[in-house]
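Structure file model_34.txt with compact mmCIF, C-alpha atoms:
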# COMPACT_ATOMS: atom_id res chain seq x y z
CA MET H 1301 -99.35 47.62 -30.80
CA ILE H 1302 -97.49 49.20 -27.94
CA LYS H 1303 -94.09 50.46 -28.84
CA LEU H 1304 -91.79 48.65 -26.46
CA GLN H 1305 -88.78 50.62 -27.63
CA ASN H 1306 -90.20 53.61 -25.83
CA ALA H 1307 -90.51 51.84 -22.52
CA PRO H 1308 -88.43 53.45 -19.78
CA SER H 1309 -84.94 52.08 -20.11
CA GLN H 1310 -83.73 53.35 -16.74
CA ALA H 1311 -84.11 50.01 -14.99
CA ARG H 1312 -82.81 48.06 -17.94
CA ALA H 1313 -79.63 50.10 -18.14
CA LYS H 1314 -78.60 48.80 -14.73
CA THR H 1315 -78.78 45.18 -15.80
CA ARG H 1316 -76.04 43.43 -17.69
CA MET H 1317 -78.42 42.59 -20.46
CA SER H 1318 -77.98 45.35 -22.94
CA GLY H 1319 -76.92 44.91 -26.55
CA VAL H 1320 -74.95 41.88 -27.56
CA GLY H 1321 -74.98 40.72 -23.93
CA ARG H 1322 -78.46 39.36 -24.61
CA VAL H 1323 -77.02 36.98 -27.16
CA LEU H 1324 -74.51 35.80 -24.58
CA VAL H 1325 -77.36 35.13 -22.16
CA ALA H 1326 -79.24 33.22 -24.87
CA VAL H 1327 -76.20 31.08 -25.64
CA TYR H 1328 -75.81 30.40 -21.92
CA GLY H 1329 -79.44 29.42 -21.74
CA VAL H 1330 -79.04 26.95 -24.59
CA LEU H 1331 -75.89 25.55 -23.01
CA ALA H 1332 -77.67 25.18 -19.68
CA LEU H 1333 -80.48 23.33 -21.44
CA ALA H 1334 -78.02 21.08 -23.29
CA ALA H 1335 -76.03 20.26 -20.15
CA THR H 1336 -79.19 19.64 -18.13
CA GLY H 1337 -80.63 17.37 -20.83
CA ARG H 1338 -77.46 15.35 -21.12
CA SER H 1339 -76.98 14.89 -17.39
CA PHE H 1340 -80.66 13.98 -17.04
CA VAL H 1341 -80.20 11.19 -19.61
CA GLN H 1342 -76.95 10.02 -18.07
CA ILE H 1343 -78.25 9.91 -14.53
CA VAL H 1344 -81.55 8.27 -15.39
CA SER H 1345 -80.17 5.61 -17.71
CA LYS H 1346 -76.64 4.76 -16.61
CA PHE H 1347 -75.55 6.53 -13.44
CA ASP H 1348 -73.90 3.36 -12.09
CA GLU H 1349 -71.44 3.21 -14.98
CA ALA H 1350 -69.58 6.38 -14.09
CA PRO H 1351 -70.96 8.13 -11.01
CA LEU H 1352 -68.12 10.67 -10.93
CA ALA H 1353 -68.39 11.77 -14.57
CA TYR H 1354 -72.16 11.98 -14.41
CA ALA H 1355 -72.23 13.80 -11.09
CA LEU H 1356 -69.81 16.26 -12.69
CA SER H 1357 -72.17 16.64 -15.65
CA ALA H 1358 -75.02 17.42 -13.29
CA LEU H 1359 -72.91 19.93 -11.36
CA ALA H 1360 -71.89 21.60 -14.62
CA ALA H 1361 -75.53 21.81 -15.66
CA VAL H 1362 -76.51 23.50 -12.38
CA VAL H 1363 -73.63 25.95 -12.68
CA TYR H 1364 -74.67 26.86 -16.24
CA ILE H 1365 -78.19 27.53 -15.02
CA VAL H 1366 -76.94 29.71 -12.16
CA ALA H 1367 -74.59 31.57 -14.53
CA THR H 1368 -77.45 32.26 -16.93
CA ILE H 1369 -79.58 33.70 -14.13
CA ALA H 1370 -76.66 35.67 -12.69
CA LEU H 1371 -75.96 37.29 -16.06
CA VAL H 1372 -79.53 38.54 -16.25
CA ARG H 1373 -80.01 39.75 -12.68
CA PRO H 1374 -78.82 43.24 -11.76
CA GLY H 1375 -76.78 44.14 -8.69
CA VAL H 1376 -73.38 43.60 -7.18
CA VAL H 1377 -74.15 40.23 -5.59
CA TRP H 1378 -75.31 38.66 -8.84
CA TYR H 1379 -72.30 40.20 -10.54
CA ARG H 1380 -70.04 38.26 -8.15
CA VAL H 1381 -72.10 35.12 -8.62
CA ALA H 1382 -71.70 35.51 -12.38
CA TRP H 1383 -67.93 35.84 -12.00
CA ALA H 1384 -67.73 32.81 -9.71
CA THR H 1385 -69.83 30.54 -11.90
CA ILE H 1386 -68.18 31.57 -15.16
CA ALA H 1387 -64.71 31.19 -13.64
CA PHE H 1388 -65.75 27.75 -12.38
CA GLU H 1389 -66.87 26.77 -15.86
CA PHE H 1390 -63.71 28.03 -17.45
CA THR H 1391 -61.60 26.10 -14.93
CA GLY H 1392 -63.76 23.04 -15.53
CA VAL H 1393 -63.45 23.09 -19.29
CA ILE H 1394 -59.68 23.65 -19.12
CA VAL H 1395 -58.96 21.04 -16.43
CA VAL H 1396 -61.39 18.35 -17.58
CA GLY H 1397 -60.60 19.10 -21.22
CA ALA H 1398 -56.86 18.71 -20.64
CA LEU H 1399 -57.28 15.56 -18.53
CA SER H 1400 -59.61 13.94 -21.06
CA VAL H 1401 -57.11 14.55 -23.85
CA MET H 1402 -53.96 13.54 -21.94
CA MET H 1403 -55.44 10.74 -19.85
CA PRO H 1404 -58.48 9.46 -21.73
CA GLY H 1405 -58.77 6.55 -19.30
CA LEU H 1406 -59.78 8.93 -16.55
CA PHE H 1407 -62.91 10.08 -18.37
CA PRO H 1408 -64.19 7.14 -20.36
CA HIS H 1409 -67.61 8.75 -20.55
CA ASP H 1410 -68.19 12.09 -22.13
CA THR H 1411 -69.03 15.15 -20.11
CA VAL H 1412 -69.84 18.62 -21.39
CA TRP H 1413 -66.19 19.52 -20.92
CA SER H 1414 -64.48 16.47 -22.44
CA GLY H 1415 -62.06 17.40 -25.21
CA PHE H 1416 -62.53 21.09 -24.37
CA GLY H 1417 -66.23 20.90 -25.17
CA ARG H 1418 -65.68 19.16 -28.51
CA GLY H 1419 -69.12 17.59 -28.37
CA TYR H 1420 -70.65 21.04 -28.11
CA LEU H 1421 -68.79 22.78 -30.95
CA PHE H 1422 -66.28 24.12 -28.40
CA ILE H 1423 -68.95 26.51 -27.16
CA PRO H 1424 -68.15 25.63 -23.49
CA LEU H 1425 -64.57 26.78 -24.13
CA VAL H 1426 -65.38 30.02 -25.94
CA VAL H 1427 -68.40 31.25 -24.03
CA PRO H 1428 -66.77 31.67 -20.56
CA VAL H 1429 -64.06 33.84 -22.14
CA LEU H 1430 -66.70 36.04 -23.74
CA GLY H 1431 -68.60 36.00 -20.46
CA MET H 1432 -65.60 37.18 -18.44
CA TRP H 1433 -64.84 39.86 -21.01
CA TRP H 1434 -68.45 40.95 -20.84
CA LEU H 1435 -68.42 41.10 -17.03
CA ALA H 1436 -65.10 42.98 -16.96
CA THR H 1437 -66.43 45.64 -19.30
CA HIS H 1438 -69.85 45.93 -17.66
CA ARG H 1439 -69.26 46.51 -13.97
CA PRO H 1440 -72.40 47.21 -11.97
CA VAL H 1441 -72.94 50.86 -11.23
CA PRO H 1442 -73.36 51.40 -7.47
CA PRO H 1443 -76.87 52.67 -6.74
CA VAL H 1444 -76.88 56.45 -6.60
CA ALA H 1445 -78.56 57.94 -3.56
CA THR H 1446 -80.84 60.39 -5.32
CA GLY H 1447 -82.67 61.60 -2.22
CA ALA H 1448 -79.70 62.77 -0.12
CA VAL H 1449 -77.70 65.84 -1.05
CA MET X 538 -87.75 8.59 -38.05
CA ILE X 539 -88.01 9.44 -41.74
CA GLU X 540 -84.48 10.21 -42.83
CA TRP X 541 -85.13 12.50 -45.78
CA PHE X 542 -87.61 14.50 -43.71
CA THR X 543 -85.01 14.91 -40.99
CA TRP X 544 -82.47 16.19 -43.52
CA VAL X 545 -85.03 18.69 -44.83
CA GLN X 546 -85.71 19.73 -41.25
CA LEU X 547 -81.99 20.17 -40.60
CA ALA X 548 -81.60 22.29 -43.76
CA VAL X 549 -84.58 24.47 -42.78
CA ALA X 550 -83.23 24.98 -39.24
CA VAL X 551 -79.77 25.96 -40.49
CA ALA X 552 -81.22 28.23 -43.19
CA ALA X 553 -83.51 29.91 -40.65
CA GLY X 554 -80.57 30.30 -38.25
CA VAL X 555 -78.30 31.89 -40.85
CA LEU X 556 -81.12 34.14 -42.10
CA CYS X 557 -81.93 35.44 -38.61
CA ILE X 558 -78.31 35.98 -37.63
CA VAL X 559 -77.54 37.85 -40.86
CA LEU X 560 -80.68 40.00 -40.54
CA GLY X 561 -79.90 40.57 -36.86
CA PHE X 562 -76.41 41.83 -37.62
CA ALA X 563 -78.01 43.97 -40.34
CA ARG X 564 -79.87 45.66 -37.48
CA ARG X 565 -83.32 44.33 -38.34
CA VAL X 566 -85.77 43.94 -35.48
CA PRO X 567 -87.69 40.64 -35.31
CA SER X 568 -90.19 40.55 -38.17
CA ASP X 569 -92.91 38.29 -39.55
CA LEU X 570 -90.20 36.75 -41.71
CA THR X 571 -87.80 35.85 -38.91
CA ILE X 572 -90.46 34.82 -36.39
CA GLY X 573 -92.18 32.92 -39.21
CA ALA X 574 -88.95 31.08 -39.95
CA LEU X 575 -88.81 29.97 -36.30
CA ALA X 576 -92.48 28.99 -36.45
CA LEU X 577 -91.66 26.77 -39.43
CA VAL X 578 -88.77 25.19 -37.50
CA GLU X 579 -91.13 24.54 -34.58
CA ALA X 580 -93.84 23.09 -36.84
CA LEU X 581 -91.33 20.65 -38.36
CA LEU X 582 -90.28 19.62 -34.84
CA VAL X 583 -93.90 18.86 -33.98
CA VAL X 584 -94.15 16.73 -37.15
CA GLN X 585 -90.92 15.00 -36.11
CA LEU X 586 -92.42 14.29 -32.70
CA ILE X 587 -95.52 12.73 -34.27
CA VAL X 588 -93.36 10.69 -36.65
CA ALA X 589 -91.16 9.54 -33.76
CA ILE X 590 -94.19 8.40 -31.78
CA LEU X 591 -95.72 6.53 -34.72
CA ALA X 592 -92.58 5.15 -36.42
CA PRO X 593 -91.90 2.19 -34.06
CA GLY X 594 -95.44 0.98 -34.86
CA PHE X 595 -94.35 0.60 -38.49
CA GLY X 596 -91.19 -1.31 -37.66
CA ASN X 597 -88.98 1.80 -37.74
CA GLU X 598 -87.15 1.48 -34.43
CA PRO X 599 -84.38 3.76 -33.14
CA THR X 600 -80.95 2.13 -32.93
CA GLY X 601 -79.87 4.34 -30.02
CA SER X 602 -81.31 5.42 -26.69
CA VAL X 603 -84.99 6.36 -26.88
CA LEU X 604 -84.65 8.41 -23.70
CA GLU X 605 -81.79 10.42 -25.17
CA PHE X 606 -83.70 10.93 -28.42
CA TYR X 607 -86.73 12.34 -26.64
CA THR X 608 -84.62 14.52 -24.34
CA TYR X 609 -83.19 16.18 -27.44
CA LEU X 610 -86.57 16.42 -29.12
CA ILE X 611 -88.36 17.94 -26.13
CA SER X 612 -85.48 20.37 -25.47
CA ALA X 613 -85.51 21.37 -29.14
CA LEU X 614 -89.26 21.94 -29.02
CA LEU X 615 -88.75 24.45 -26.17
CA LEU X 616 -86.23 26.62 -28.00
CA PRO X 617 -88.18 28.33 -30.83
CA PRO X 618 -91.08 29.41 -28.55
CA ALA X 619 -88.61 30.73 -25.96
CA ALA X 620 -86.69 32.71 -28.58
CA ALA X 621 -89.89 34.00 -30.20
CA PHE X 622 -91.24 35.03 -26.80
CA TRP X 623 -88.03 36.95 -26.19
CA ALA X 624 -88.32 38.54 -29.65
CA LEU X 625 -91.85 39.74 -28.88
CA LEU X 626 -90.78 41.20 -25.53
CA GLU X 627 -87.68 42.98 -26.76
CA ARG X 628 -87.94 44.27 -30.26
CA ASN X 629 -84.36 45.00 -31.19
CA ARG X 630 -81.77 43.47 -33.46
CA TRP X 631 -80.23 41.25 -30.81
CA SER X 632 -83.51 39.42 -30.45
CA THR X 633 -83.24 38.61 -34.16
CA VAL X 634 -79.75 37.21 -33.56
CA ILE X 635 -81.16 35.16 -30.68
CA LEU X 636 -83.83 33.73 -32.99
CA GLY X 637 -80.95 32.61 -35.21
CA VAL X 638 -79.00 31.11 -32.31
CA ALA X 639 -82.09 29.12 -31.29
CA ALA X 640 -82.65 27.85 -34.85
CA LEU X 641 -79.01 26.76 -35.17
CA ALA X 642 -79.18 25.01 -31.81
CA VAL X 643 -82.27 23.16 -33.05
CA GLY X 644 -80.26 22.19 -36.15
CA VAL X 645 -77.49 20.69 -34.02
CA MET X 646 -80.04 18.85 -31.91
CA VAL X 647 -81.86 17.47 -34.96
CA TYR X 648 -78.54 16.18 -36.28
CA ARG X 649 -77.87 14.44 -32.95
CA MET X 650 -81.37 12.98 -33.05
CA LEU X 651 -80.67 11.60 -36.54
CA GLN X 652 -77.46 10.01 -35.26
CA ILE X 653 -79.18 8.49 -32.25
CA TRP X 654 -81.99 7.06 -34.35
CA THR X 655 -79.96 5.73 -37.28
CA VAL X 656 -76.33 4.98 -36.50
CA GLN X 657 -75.69 4.97 -32.77
CA PRO X 658 -76.10 1.64 -31.07
CA ALA X 659 -77.71 1.78 -27.66

Let me see the structure of the file written as C-alpha cells.
Amino acid sequence: MIKLQNAPSQARAKTRMSGVGRVLVAVYGVLALAATGRSFVQIVSKFDEAPLAYALSALAAVVYIVATIALVRPGVVWYRVAWATIAFEFTGVIVVGALSVMMPGLFPHDTVWSGFGRGYLFIPLVVPVLGMWWLATHRPVPPVATGAV
Amino acid sequence: MIEWFTWVQLAVAVAAGVLCIVLGFARRVPSDLTIGALALVEALLVVQLIVAILAPGFGNEPTGSVLEFYTYLISALLLPPAAAFWALLERNRWSTVILGVAALAVGVMVYRMLQIWTVQPA
C-alpha cells in the first residue's frame, strides 16, 4: 500500500484543512446534509404551509453547502466566502433563534435555527463560532513569488 | 420498522461513534477496527432499509411522514461510506475522529427515524 503520509504536503499546507480543521469541515458537511434533507422534505411536502420558514430553511441549506466548500478550498477569495457564509449562519442562528424563543408565533414551523438550533443539538450555534475562530487563526498565506528575486 | 432492531442499531452507532472519537483523540489512524465499526453501522442501515421497504406489507405502517423517514434513511446511508472514503484518503487521527462524527450523526438520524415511524403523527 502506498504511504499517503509521505505525499508532498506543500499544497495541502496552503489549504485550511489541516489538523482538527478537517473535523470542522466534516461537521459542516453533516450539517449541510441535514439542512438540505430537511428543507427538501419541507418544500416537497408542505411548502404552502409556511413559504417563508421553508424558503429560509432552503437558503440556510445552500449557505451550509457553500461554507463547507469554502472551508476546504484554498485561496483568499474562498477565505472571504467562508467568512461571509459563516457570519451569515451565525447571524441567522442568533436572530431566528431569539425570535423563535421570544415570539414563537412568528416561526410556527421549525427551521434549522429555531430555538438556537435546539433540534440539531445546538450544533448550528456552536459550529459557526468554532468556524470563525478557525478562520481567524488560519489566515491564507499570500502566494510567494518564487521565480522573481 | 422493528423497534428492538432500531434500538440495537442506535446503540451500535453510538458505540462506534464513541470508539472512533476516543481512538482518534488517542492519535490512532483509521484502522480495520474503526473502519469495520463504520461498515457495521452501514450494514445495519441497509438492513433497516430492507425492513422499511417490507414492513408496510406486513401491516407495520409508519405513523409519521414516509418522505421524511426516507430522507433521513438515505442521508444516513451516505455518511459511513463518505467518512470511510475520507479515512482511506487521509490516514491520520482526524480521519478517525471524522469516522466517529459520522457514526454519531447516523445515531441521531436513526433516533429521528424511530420517532417518525412510531410516535410522530403525520

Report as a PyMOL selection string the set of chain H residues whose atoms approach chain X to within 10 Å, with distances computed over all atoms listed in the file. chain H and resi 1303-1305+1318-1327+1329-1331+1333-1334+1336-1338+1340-1342+1344-1345+1420-1421

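Computed from the coordinates, the atom CA of H:Leu1435 to atom CA of H:Leu1371 distance equals 8.5 Å.
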
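Between atom CA of H:Tyr1328 and atom CA of H:Arg1439 the interatomic distance comes to 19.1 Å.
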
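Note that the spacing between atom CA of H:Ala1335 and atom CA of H:Ala1360 amounts to 7.0 Å.
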
So that I can check the surroundings of H:Arg1380, please list as a ChimeraX atom specification every protein, DNA and RNA residue that reaches within 12 Å of it, counting only C-alpha atoms and ignoring chain neighbours fewer than 4 positions away. /H:1366-1367,1370-1371,1373-1376,1384-1387,1432,1435-1436,1439-1440

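For the residues X:Ile572, X:Glu540, X:Val549, X:Pro618, ranking by smallest atom-to-atom distance to X:Val656 using only C-alpha atoms places X:Glu540 first.
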
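In terms of minimum interatomic distance to H:Thr1411, H:Tyr1354 ranks closest within H:Tyr1364, H:Tyr1354, H:Phe1388, H:Phe1347, counting all atoms listed in the file.
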